[in-house]
Amino acid sequence: QVQLVESGGGLVQNGGSLRLSCAASGRSFVAYAMNWFRQVQGKDREFVAGLMGNGGGSSYQDSVRGRFTISRDNEKKMVWLQMNNLKPEDTADYYCNADHSLFGNYWGPGTRVTVSS
């Protein structure tokens with residue numbers, strides 16, 4: 001089992017930057033695909049960015065590619081989402097997700113990002 005806690009959300013102006021962090025605890029962290037999702041109230045949760053486990057590649061939602069960067073440190077059991085050139089439409093609750101086909105799927109409680117226009 002994996003426990004996840006996000007931090008780093010807040011209020012930022014249009015064009016600004018934020019770095020979200022996700023601290024994980026539990027076993028076999030390196031094997032999990034680590035993802036960031038976001039959700040606007042009243043809408044479905046959507047994939048933002050992901051990093052495969054065991055040294056695999058990354059993927060991004062089209063709207064954030066080139067502005068957001070996901071990274072991880074397996075020794076520290078940390079995942080980050082660097083968000084640059086933020087736009088008002090990036091405003092959402094952001095969630096860290098750990099996913100493994102055998103070990104399960106886990107979510108953090110979320111952190112809110114608000115981008116003012």
# chains A, B, ... in the order shown; residues from 1 in each chain; ligands from 1

call {"tool": "closest_atom_pairs", "arguments": {"of": "range 37-80 of chain A", "to": "range 90-93 of chain A", "cutoff": "12 Å", "atoms": "only C-alpha atoms", "output": "tab-separated table"}}
result
residue	atom	partner	partner_atom	distance
A:Phe37	CA	A:Asp93	CA	8.4
A:Arg38	CA	A:Asp93	CA	5.4
A:Gln39	CA	A:Asp93	CA	5.3
A:Val40	CA	A:Ala92	CA	4.8
A:Gln41	CA	A:Ala92	CA	7.7
A:Gly42	CA	A:Ala92	CA	10.9
A:Lys43	CA	A:Ala92	CA	10.1
A:Asp44	CA	A:Ala92	CA	11.1
A:Arg45	CA	A:Asp93	CA	9.1
A:Glu46	CA	A:Ala92	CA	10.2
A:Phe47	CA	A:Asp93	CA	12.0
A:Val48	CA	A:Asp90	CA	10.1
A:Gln61	CA	A:Asp90	CA	11.8
A:Ser63	CA	A:Asp90	CA	9.2
A:Val64	CA	A:Asp90	CA	8.7
A:Arg67	CA	A:Asp90	CA	10.9
A:Phe68	CA	A:Asp90	CA	10.7

call {"tool": "residues_around", "arguments": {"residues": "range 97-102 of chain A", "least_positions_apart": "3", "cutoff": "8 Å", "atoms": "only C-alpha atoms", "output": "list in words"}}
result
Val2, Leu4, Ala31, Tyr32, Ala33, Met34, Asn35, Trp36, Phe37, Asn105, Tyr106, Trp107 and Gly108 of chain A

call {"tool": "residues_around", "arguments": {"residues": "Gly26 in chain A", "least_positions_apart": "2", "cutoff": "7 Å", "atoms": "only C-alpha atoms", "output": "PDB file with C-alpha atoms, in the first residue's frame"}}
result
ATOM      1  CA  GLN A   1       0.000   0.000   0.000  1.00  0.00           C
ATOM      2  CA  VAL A   2       1.076   3.589  -0.719  1.00  0.00           C
ATOM      3  CA  GLN A   3       0.130   6.797   1.091  1.00  0.00           C
ATOM      4  CA  ALA A  24       4.890   8.916  -0.811  1.00  0.00           C
ATOM      5  CA  SER A  28       7.926  -0.710  -3.919  1.00  0.00           C
ATOM      6  CA  PHE A  29       7.584   2.969  -4.834  1.00  0.00           C
TER       7      PHE A  29
END

call {"tool": "select_by_dssp", "arguments": {"residues": "chain A", "states": "helix (DSSP H, G or I)", "output": "list in words"}}
result
Phe29, Val30, Ala31, Pro88, Glu89 and Asp90 of chain A

call {"tool": "atom_distance", "arguments": {"atom1": "CA of Arg19 in chain A", "atom2": "CA of Gly104 in chain A"}}
result
26.3 Å

call {"tool": "select_by_dssp", "arguments": {"residues": "range 41-108 of chain A", "states": "strand (DSSP E)", "output": "ChimeraX atom specification"}}
result
/A:46-51,58-60,68-73,78-83,92-100,104-107

call {"tool": "residues_around", "arguments": {"residues": "Gly57 in chain A", "least_positions_apart": "2", "cutoff": "12 Å", "atoms": "only C-alpha atoms", "output": "list in words"}}
result
Ala33, Met34, Asn35, Ala49, Gly50, Leu51, Met52, Gly53, Asn54, Gly55, Ser59, Tyr60, Ile70, Ser71 and Arg72 of chain A

call {"tool": "write_last_selection", "arguments": {"atoms": "all heavy atoms", "output": "tab-separated table (two decimals), in the first residue's frame"}}
result
chain	number	residue	atom	x	y	z
A	33	ALA	N	3.74	3.56	-11.45
A	33	ALA	CA	3.58	4.72	-12.30
A	33	ALA	C	3.04	5.84	-11.43
A	33	ALA	O	2.09	5.63	-10.66
A	33	ALA	CB	2.62	4.44	-13.44
A	34	MET	N	3.67	7.00	-11.51
A	34	MET	CA	3.24	8.15	-10.72
A	34	MET	C	2.64	9.20	-11.64
A	34	MET	O	3.24	9.56	-12.66
A	34	MET	CB	4.41	8.73	-9.94
A	34	MET	CG	5.00	7.77	-8.93
A	34	MET	SD	3.80	7.17	-7.71
A	34	MET	CE	3.29	8.72	-6.94
A	35	ASN	N	1.47	9.67	-11.28
A	35	ASN	CA	0.70	10.56	-12.14
A	35	ASN	C	0.20	11.77	-11.37
A	35	ASN	O	0.03	11.72	-10.15
A	35	ASN	CB	-0.50	9.83	-12.72
A	35	ASN	CG	-0.14	8.53	-13.40
A	35	ASN	OD1	0.59	8.52	-14.38
A	35	ASN	ND2	-0.64	7.42	-12.87
A	49	ALA	N	-0.21	14.63	-16.14
A	49	ALA	CA	1.12	14.16	-16.49
A	49	ALA	C	1.41	12.86	-15.75
A	49	ALA	O	0.85	12.62	-14.67
A	49	ALA	CB	2.18	15.20	-16.12
A	50	GLY	N	2.29	12.03	-16.32
A	50	GLY	CA	2.62	10.77	-15.69
A	50	GLY	C	4.02	10.31	-16.00
A	50	GLY	O	4.59	10.66	-17.04
A	51	LEU	N	4.58	9.55	-15.07
A	51	LEU	CA	5.90	8.93	-15.24
A	51	LEU	C	5.76	7.45	-14.94
A	51	LEU	O	5.29	7.08	-13.86
A	51	LEU	CB	6.91	9.54	-14.26
A	51	LEU	CG	7.85	10.62	-14.74
A	51	LEU	CD1	8.75	11.07	-13.60
A	51	LEU	CD2	8.69	10.14	-15.92
A	52	MET	N	6.21	6.64	-15.87
A	52	MET	CA	6.10	5.20	-15.67
A	52	MET	C	7.03	4.75	-14.55
A	52	MET	O	8.01	5.43	-14.20
A	52	MET	CB	6.45	4.46	-16.95
A	52	MET	CG	5.53	4.77	-18.11
A	52	MET	SD	3.83	4.30	-17.75
A	52	MET	CE	4.01	2.51	-17.73
A	53	GLY	N	6.77	3.60	-13.97
A	53	GLY	CA	7.65	3.02	-12.97
A	53	GLY	C	8.87	2.37	-13.61
A	53	GLY	O	8.93	2.20	-14.83
A	54	ASN	N	9.82	2.05	-12.76
A	54	ASN	CA	11.03	1.34	-13.20
A	54	ASN	C	11.74	2.02	-14.36
A	54	ASN	O	12.20	1.36	-15.31
A	54	ASN	CB	10.68	-0.11	-13.57
A	54	ASN	CG	10.18	-0.90	-12.38
A	54	ASN	OD1	10.74	-0.82	-11.28
A	54	ASN	ND2	9.10	-1.65	-12.58
A	55	GLY	N	11.79	3.35	-14.31
A	55	GLY	CA	12.56	4.10	-15.29
A	55	GLY	C	11.90	4.31	-16.62
A	55	GLY	O	12.56	4.68	-17.60
A	59	SER	N	4.49	11.16	-19.94
A	59	SER	CA	3.44	11.56	-20.85
A	59	SER	C	2.72	12.77	-20.26
A	59	SER	O	2.72	12.97	-19.04
A	59	SER	CB	2.45	10.42	-21.11
A	59	SER	OG	1.88	9.98	-19.90
A	60	TYR	N	2.13	13.57	-21.15
A	60	TYR	CA	1.47	14.81	-20.74
A	60	TYR	C	0.17	15.00	-21.50
A	60	TYR	O	0.05	14.62	-22.66
A	60	TYR	CB	2.39	16.02	-21.02
A	60	TYR	CG	3.65	16.02	-20.22
A	60	TYR	CD1	4.80	15.43	-20.70
A	60	TYR	CD2	3.70	16.63	-18.97
A	60	TYR	CE1	5.98	15.43	-19.96
A	60	TYR	CE2	4.87	16.64	-18.22
A	60	TYR	CZ	6.00	16.03	-18.73
A	60	TYR	OH	7.16	16.03	-17.98
A	70	ILE	N	6.99	16.73	-15.13
A	70	ILE	CA	6.89	15.79	-14.01
A	70	ILE	C	8.24	15.15	-13.78
A	70	ILE	O	8.98	14.85	-14.74
A	70	ILE	CB	5.80	14.72	-14.29
A	70	ILE	CG1	5.59	13.85	-13.06
A	70	ILE	CG2	6.12	13.91	-15.53
A	70	ILE	CD1	4.40	12.91	-13.18
A	71	SER	N	8.57	14.95	-12.52
A	71	SER	CA	9.84	14.29	-12.18
A	71	SER	C	9.64	13.49	-10.90
A	71	SER	O	8.66	13.71	-10.17
A	71	SER	CB	10.96	15.32	-12.02
A	71	SER	OG	10.66	16.25	-11.00
A	72	ARG	N	10.57	12.60	-10.63
A	72	ARG	CA	10.47	11.77	-9.42
A	72	ARG	C	11.86	11.45	-8.90
A	72	ARG	O	12.84	11.43	-9.65
A	72	ARG	CB	9.69	10.48	-9.71
A	72	ARG	CG	10.38	9.53	-10.66
A	72	ARG	CD	9.44	8.39	-11.08
A	72	ARG	NE	9.14	7.46	-10.00
A	72	ARG	CZ	8.20	6.52	-10.08
A	72	ARG	NH1	7.46	6.39	-11.18
A	72	ARG	NH2	7.99	5.70	-9.05

call {"tool": "atom_distance", "arguments": {"atom1": "CA of Ser21 in chain A", "atom2": "CA of Arg65 in chain A"}}
result
18.5 Å

call {"tool": "residues_around", "arguments": {"residues": "Gly66 in chain A", "least_positions_apart": "6", "cutoff": "10 Å", "atoms": "only C-alpha atoms", "output": "list in words"}}
result
Tyr60, Met83, Asn84 and Asn85 of chain A

call {"tool": "write_last_selection", "arguments": {"atoms": "N, CA, C and O atoms", "output": "short mmCIF file (atom, residue, chain, number, x, y, z; two decimals), in the first residue's frame"}}
result
data_model
loop_
_atom_site.label_atom_id
_atom_site.label_comp_id
_atom_site.auth_asym_id
_atom_site.auth_seq_id
_atom_site.Cartn_x
_atom_site.Cartn_y
_atom_site.Cartn_z
N TYR A 60 2.13 13.57 -21.15
CA TYR A 60 1.47 14.81 -20.74
C TYR A 60 0.17 15.00 -21.50
O TYR A 60 0.05 14.62 -22.66
N MET A 83 5.17 23.57 -12.79
CA MET A 83 4.18 24.19 -13.66
C MET A 83 4.62 25.62 -13.98
O MET A 83 4.70 26.46 -13.07
N ASN A 84 4.91 25.87 -15.23
CA ASN A 84 5.33 27.19 -15.69
C ASN A 84 4.29 27.79 -16.62
O ASN A 84 3.46 27.08 -17.18
N ASN A 85 4.36 29.11 -16.77
CA ASN A 85 3.42 29.81 -17.65
C ASN A 85 1.98 29.40 -17.35
O ASN A 85 1.21 29.05 -18.26
#

call {"tool": "residues_around", "arguments": {"residues": "range 112-115 of chain A", "least_positions_apart": "4", "cutoff": "10 Å", "atoms": "only C-alpha atoms", "output": "CSV table (one decimal) with N, CA and C atoms, in the first residue's frame"}}
result
chain,number,residue,atom,x,y,z
A,6,GLU,N,0.1,15.6,-1.1
A,6,GLU,CA,0.5,16.7,-2.0
A,6,GLU,C,0.7,17.9,-1.2
A,7,SER,N,1.6,18.8,-1.7
A,7,SER,CA,1.8,20.1,-1.2
A,7,SER,C,2.2,21.1,-2.3
A,8,GLY,N,2.2,22.4,-2.0
A,8,GLY,CA,2.8,23.3,-3.0
A,8,GLY,C,1.7,24.1,-3.8
A,9,GLY,N,0.5,23.8,-3.5
A,9,GLY,CA,-0.6,24.6,-4.2
A,9,GLY,C,-0.7,26.0,-3.7
A,10,GLY,N,-1.4,26.8,-4.4
A,10,GLY,CA,-1.6,28.2,-3.9
A,10,GLY,C,-2.2,29.1,-5.0
A,11,LEU,N,-2.1,30.3,-4.7
A,11,LEU,CA,-2.6,31.4,-5.6
A,11,LEU,C,-1.4,32.0,-6.4
A,12,VAL,N,-1.5,32.0,-7.7
A,12,VAL,CA,-0.5,32.6,-8.5
A,12,VAL,C,-1.1,33.4,-9.7
A,13,GLN,N,-0.4,34.4,-10.2
A,13,GLN,CA,-0.9,35.2,-11.3
A,13,GLN,C,-0.7,34.5,-12.6
A,14,ASN,N,-1.5,34.9,-13.5
A,14,ASN,CA,-1.4,34.4,-14.9
A,14,ASN,C,0.1,34.6,-15.4
A,15,GLY,N,0.6,33.5,-15.9
A,15,GLY,CA,2.0,33.5,-16.4
A,15,GLY,C,3.0,33.0,-15.3
A,16,GLY,N,2.6,32.9,-14.1
A,16,GLY,CA,3.5,32.5,-13.0
A,16,GLY,C,3.8,31.0,-13.0
A,17,SER,N,4.5,30.6,-11.9
A,17,SER,CA,4.9,29.2,-11.8
A,17,SER,C,4.6,28.7,-10.4
A,18,LEU,N,4.4,27.4,-10.3
A,18,LEU,CA,4.3,26.7,-9.0
A,18,LEU,C,5.0,25.3,-9.2
A,20,LEU,N,4.5,21.6,-7.5
A,20,LEU,CA,3.7,20.8,-6.6
A,20,LEU,C,4.6,19.6,-6.2
A,38,ARG,N,-6.0,16.5,-12.3
A,38,ARG,CA,-6.6,17.7,-11.7
A,38,ARG,C,-8.1,17.6,-12.0
A,39,GLN,N,-8.8,18.3,-11.1
A,39,GLN,CA,-10.3,18.3,-11.2
A,39,GLN,C,-10.8,19.7,-10.8
A,40,VAL,N,-11.7,20.2,-11.7
A,40,VAL,CA,-12.4,21.4,-11.5
A,40,VAL,C,-13.8,21.0,-10.9
A,86,LEU,N,1.6,29.5,-16.1
A,86,LEU,CA,0.3,29.0,-15.7
A,86,LEU,C,-0.8,29.9,-16.3
A,87,LYS,N,-1.9,29.4,-16.5
A,87,LYS,CA,-3.0,30.1,-17.1
A,87,LYS,C,-4.3,29.9,-16.2
A,88,PRO,N,-5.2,30.8,-16.3
A,88,PRO,CA,-6.4,30.7,-15.5
A,88,PRO,C,-7.1,29.3,-15.7
A,89,GLU,N,-7.0,28.7,-16.8
A,89,GLU,CA,-7.7,27.4,-17.1
A,89,GLU,C,-7.0,26.3,-16.4
A,90,ASP,N,-5.8,26.5,-15.8
A,90,ASP,CA,-5.1,25.5,-15.0
A,90,ASP,C,-5.6,25.5,-13.6
A,91,THR,N,-6.5,26.4,-13.2
A,91,THR,CA,-7.0,26.4,-11.9
A,91,THR,C,-7.8,25.1,-11.6
A,92,ALA,N,-7.5,24.4,-10.6
A,92,ALA,CA,-8.1,23.1,-10.2
A,92,ALA,C,-7.5,22.6,-9.0
A,93,ASP,N,-8.1,21.5,-8.5
A,93,ASP,CA,-7.5,20.7,-7.4
A,93,ASP,C,-6.6,19.7,-8.1
A,94,TYR,N,-5.4,19.6,-7.7
A,94,TYR,CA,-4.4,18.7,-8.3
A,94,TYR,C,-4.2,17.5,-7.3
A,95,TYR,N,-4.2,16.3,-7.9
A,95,TYR,CA,-4.1,15.1,-7.2
A,95,TYR,C,-2.9,14.2,-7.6
